[in-house]
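Below: the structure, in structure tokens.
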Amino acid sequence: MGDQPTAEALLEAMADTLDRQVVPSAVGGAQHAARVVANLCRIIGRELASEPGSGAAGDLEAEVWRLLGSDEPPDDVPPMGQASALSTEAVAALDRALRSPDPQLLDAALPLLRRDVERRLAISKPTYLEDRP
Amino acid sequence: MSDTATGTPVSAGGPTASKHAPTEHALAELLAANGWVNPNVTVTGAASVGAQRSTLLVDIDSAGQQTRAVAQISSGVIAATPATVEAAVIRLAAAEGVPTPRVLAATDSLPGSGQPAMVVSHEPGLSIPRRVLRSVADLGTGEALAADCGAALATLHRRDVSSAPSDLDRLRLDDPFGDYCDDLAAKLDLLPQPHPAIRLGVEWLRRHPPSPPSSPTLVHADFRTGNLLVHEGRLSAVLDWELAHVGDPMEDVAYLCLRTWRFGNDHLPVGGFGTLRALRAAYESGGGVWRDDAFAWWMAARTAWWACGLAAQAAAFTTGLTDSIVLAASGRRVPELEYDLLNLIDPHHRREP
């Protein structure tokens, strides 16, 4: 149990302070930078609150390895980051396979990559997902 | 550039004598070499927050006359077209009738710093996207502005490319779309991290080339909200010509319509201010040839390109080339472009742009 307030609460307060107090009184590049930093605080807050490997992207890592013809992912692959459900190894292996893909791989990889992208987007800019039909 | 409809520069220059003295001296030397008589240059403010170059508002005092101008000085973090080539393209486009600022001087190596620089006339209007979109919405000129853009692009694309500077990039005529995909793949290979979603997009594009243009044209290649100077709701000048090249005219038309340049106004595909109908009607009545398949292809291709661009900005931060928080934040915008790219190529997700 750490000291209070929590990291998430502080990040939200930092973003609000920048938006309410700094952005209105800053000009030009400084104002733009303040907006960008406020947004980054909110992104980091969502990233801290997300659980890697959970939700819709849960089995994505295993599905990517299956697509690439490997039954099991290599042992002990760390996730690439909180935002992605995929390990560095899976991302690199998929990228390699997509350099000279057959059409079936392009079709099959698209829905898997869409799930990873949507998961990262839910952290970096969730409102961007709202256009889905 | 500047947002001068408000009458004030975006950033106040303040007491600039010490900070800007080397730049003022270098710009004066450049102008003197371009025929200005004993020019004295005063930096009055910083006009934009561009990632690749700084844009300064300057006053030129020469032979008893005051001229307001804008000096663009490249930062050199990411290589760009030489300033002298960019200046030649602007002059060509202006001669054809495209609204542009007037080039006052350009050099690929500013005295002292060696940076590429260009000085252009100061034109009235707004360029910062949120201000442009607010102003256009208030004035109700969105469709007229979309038509202005269609007309300006048709005019630019009419230009005979035989007189374009020989050192401009040219898309390979025998395989323009494969050539573009090769460039995108090379950009991906330069990034420190793999981006399989962009890679998939590039390989999809390689396998689905559209109809070719009847002939290559001059292409601005960065024609979008943010690079359009808008005065009283209408297009007053097309800015930032550093990516201009010879290629497929539909590249320009599509780029203006990317979701990323709508700044949240997703229902207005043309730059967040107008409809495709208005853009297309003006483009065609100005002599432009609209190709639907190429429009769709370039929407996806240019989305992939900008995804690479944002990732490259983030890489410049992670590798220590820049300490800009704005460039660092670009890395977290990559998923937006990847999402758009997958939507544009996914047969199960096809919808009007």
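Please note that chains go A, B, ... in the order of the structure tokens, that every chain numbers its residues from 1, and that ligands are numbered from 1 in the order shown.
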Counting only C-alpha atoms, what are the residues of segment 162-235 of chain B within 12 Å of segment 328-340 of chain B, and for each of them which pair of atoms is the nearest and at what distance in Å, to one decimal? Sort the table by chain and rising number, as JSON lines.
{"residue": "B:Leu191", "atom": "CA", "partner": "B:Gly331", "partner_atom": "CA", "distance": 11.6}
{"residue": "B:Gln193", "atom": "CA", "partner": "B:Gly331", "partner_atom": "CA", "distance": 11.2}
{"residue": "B:His195", "atom": "CA", "partner": "B:Glu338", "partner_atom": "CA", "distance": 9.1}
{"residue": "B:Pro196", "atom": "CA", "partner": "B:Glu338", "partner_atom": "CA", "distance": 9.6}
{"residue": "B:Ala197", "atom": "CA", "partner": "B:Glu338", "partner_atom": "CA", "distance": 6.2}
{"residue": "B:Ile198", "atom": "CA", "partner": "B:Glu338", "partner_atom": "CA", "distance": 6.2}
{"residue": "B:Arg199", "atom": "CA", "partner": "B:Glu338", "partner_atom": "CA", "distance": 9.9}
{"residue": "B:Leu200", "atom": "CA", "partner": "B:Glu338", "partner_atom": "CA", "distance": 10.0}
{"residue": "B:Gly201", "atom": "CA", "partner": "B:Glu338", "partner_atom": "CA", "distance": 8.6}
{"residue": "B:Val202", "atom": "CA", "partner": "B:Glu338", "partner_atom": "CA", "distance": 11.2}
Just to be explicit: take each residue in the selection above, keep N, CA and C atoms, and write the result as a PDB file, in the first residue's frame.
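Wrote it out as again-v9.pdb, contents follow:
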ATOM      1  N   LEU B 191      12.541   2.222 -38.764  1.00  0.00           N
ATOM      2  CA  LEU B 191      12.035   2.462 -37.410  1.00  0.00           C
ATOM      3  C   LEU B 191      12.650   1.461 -36.438  1.00  0.00           C
ATOM      4  N   GLN B 193      11.307  -0.027 -33.967  1.00  0.00           N
ATOM      5  CA  GLN B 193      10.395  -1.097 -33.575  1.00  0.00           C
ATOM      6  C   GLN B 193       9.586  -1.573 -34.780  1.00  0.00           C
ATOM      7  N   HIS B 195       6.231  -2.585 -36.818  1.00  0.00           N
ATOM      8  CA  HIS B 195       4.827  -2.154 -36.781  1.00  0.00           C
ATOM      9  C   HIS B 195       4.032  -3.037 -37.732  1.00  0.00           C
ATOM     10  N   PRO B 196       3.643  -4.253 -37.274  1.00  0.00           N
ATOM     11  CA  PRO B 196       3.011  -5.205 -38.188  1.00  0.00           C
ATOM     12  C   PRO B 196       1.695  -4.709 -38.790  1.00  0.00           C
ATOM     13  N   ALA B 197       0.952  -3.849 -38.101  1.00  0.00           N
ATOM     14  CA  ALA B 197      -0.310  -3.362 -38.680  1.00  0.00           C
ATOM     15  C   ALA B 197      -0.032  -2.487 -39.899  1.00  0.00           C
ATOM     16  N   ILE B 198       1.001  -1.643 -39.810  1.00  0.00           N
ATOM     17  CA  ILE B 198       1.360  -0.810 -40.968  1.00  0.00           C
ATOM     18  C   ILE B 198       1.930  -1.705 -42.066  1.00  0.00           C
ATOM     19  N   ARG B 199       2.768  -2.669 -41.680  1.00  0.00           N
ATOM     20  CA  ARG B 199       3.358  -3.597 -42.652  1.00  0.00           C
ATOM     21  C   ARG B 199       2.263  -4.311 -43.437  1.00  0.00           C
ATOM     22  N   LEU B 200       1.246  -4.781 -42.723  1.00  0.00           N
ATOM     23  CA  LEU B 200       0.143  -5.461 -43.390  1.00  0.00           C
ATOM     24  C   LEU B 200      -0.531  -4.513 -44.389  1.00  0.00           C
ATOM     25  N   GLY B 201      -0.726  -3.264 -43.984  1.00  0.00           N
ATOM     26  CA  GLY B 201      -1.335  -2.283 -44.874  1.00  0.00           C
ATOM     27  C   GLY B 201      -0.514  -2.089 -46.132  1.00  0.00           C
ATOM     28  N   VAL B 202       0.802  -1.976 -45.982  1.00  0.00           N
ATOM     29  CA  VAL B 202       1.679  -1.746 -47.135  1.00  0.00           C
ATOM     30  C   VAL B 202       1.616  -2.936 -48.091  1.00  0.00           C
TER      31      VAL B 202
END
* Show which residues sit within 10 Å of Val37 of chain B, as a PyMOL selection string. Count only C-alpha atoms, and ignore same-chain residues fewer than 2 positions away. => chain B and resi 28+31-35+39-40+61-64
* Restricting the calculation to only C-alpha atoms, which member of B:Gln115, B:Ser135, B:Thr225, B:Thr67 is positioned closest to Thr84 of chain B? ->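 Ranking B:Gln115, B:Ser135, B:Thr225, B:Thr67 by distance to Thr84 of chain B, first place goes to B:Gln115.
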* To do: Starting from chain A, keep only residues with some atom at most 6 Å from an atom of chain B, counting only C-alpha atoms, and report them as a VMD selection string.
  => chain A and resid 27 to 29 92 95 113 117 121 124
* Top pick for closest residue to Arg277 of chain B, considering B:Leu188, B:Ala146, B:Leu243, B:Leu171 and counting only C-alpha atoms ->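 Smallest separation from Arg277 of chain B among the options: B:Ala146.
One distance worth recording is that between atom CA of Leu344 of chain B and atom CA of Leu258 of chain B, which is 10.3 Å.
Atom pair atom CA of Ala93 of chain B / atom CA of Leu235 of chain B: separated by 14.9 Å.
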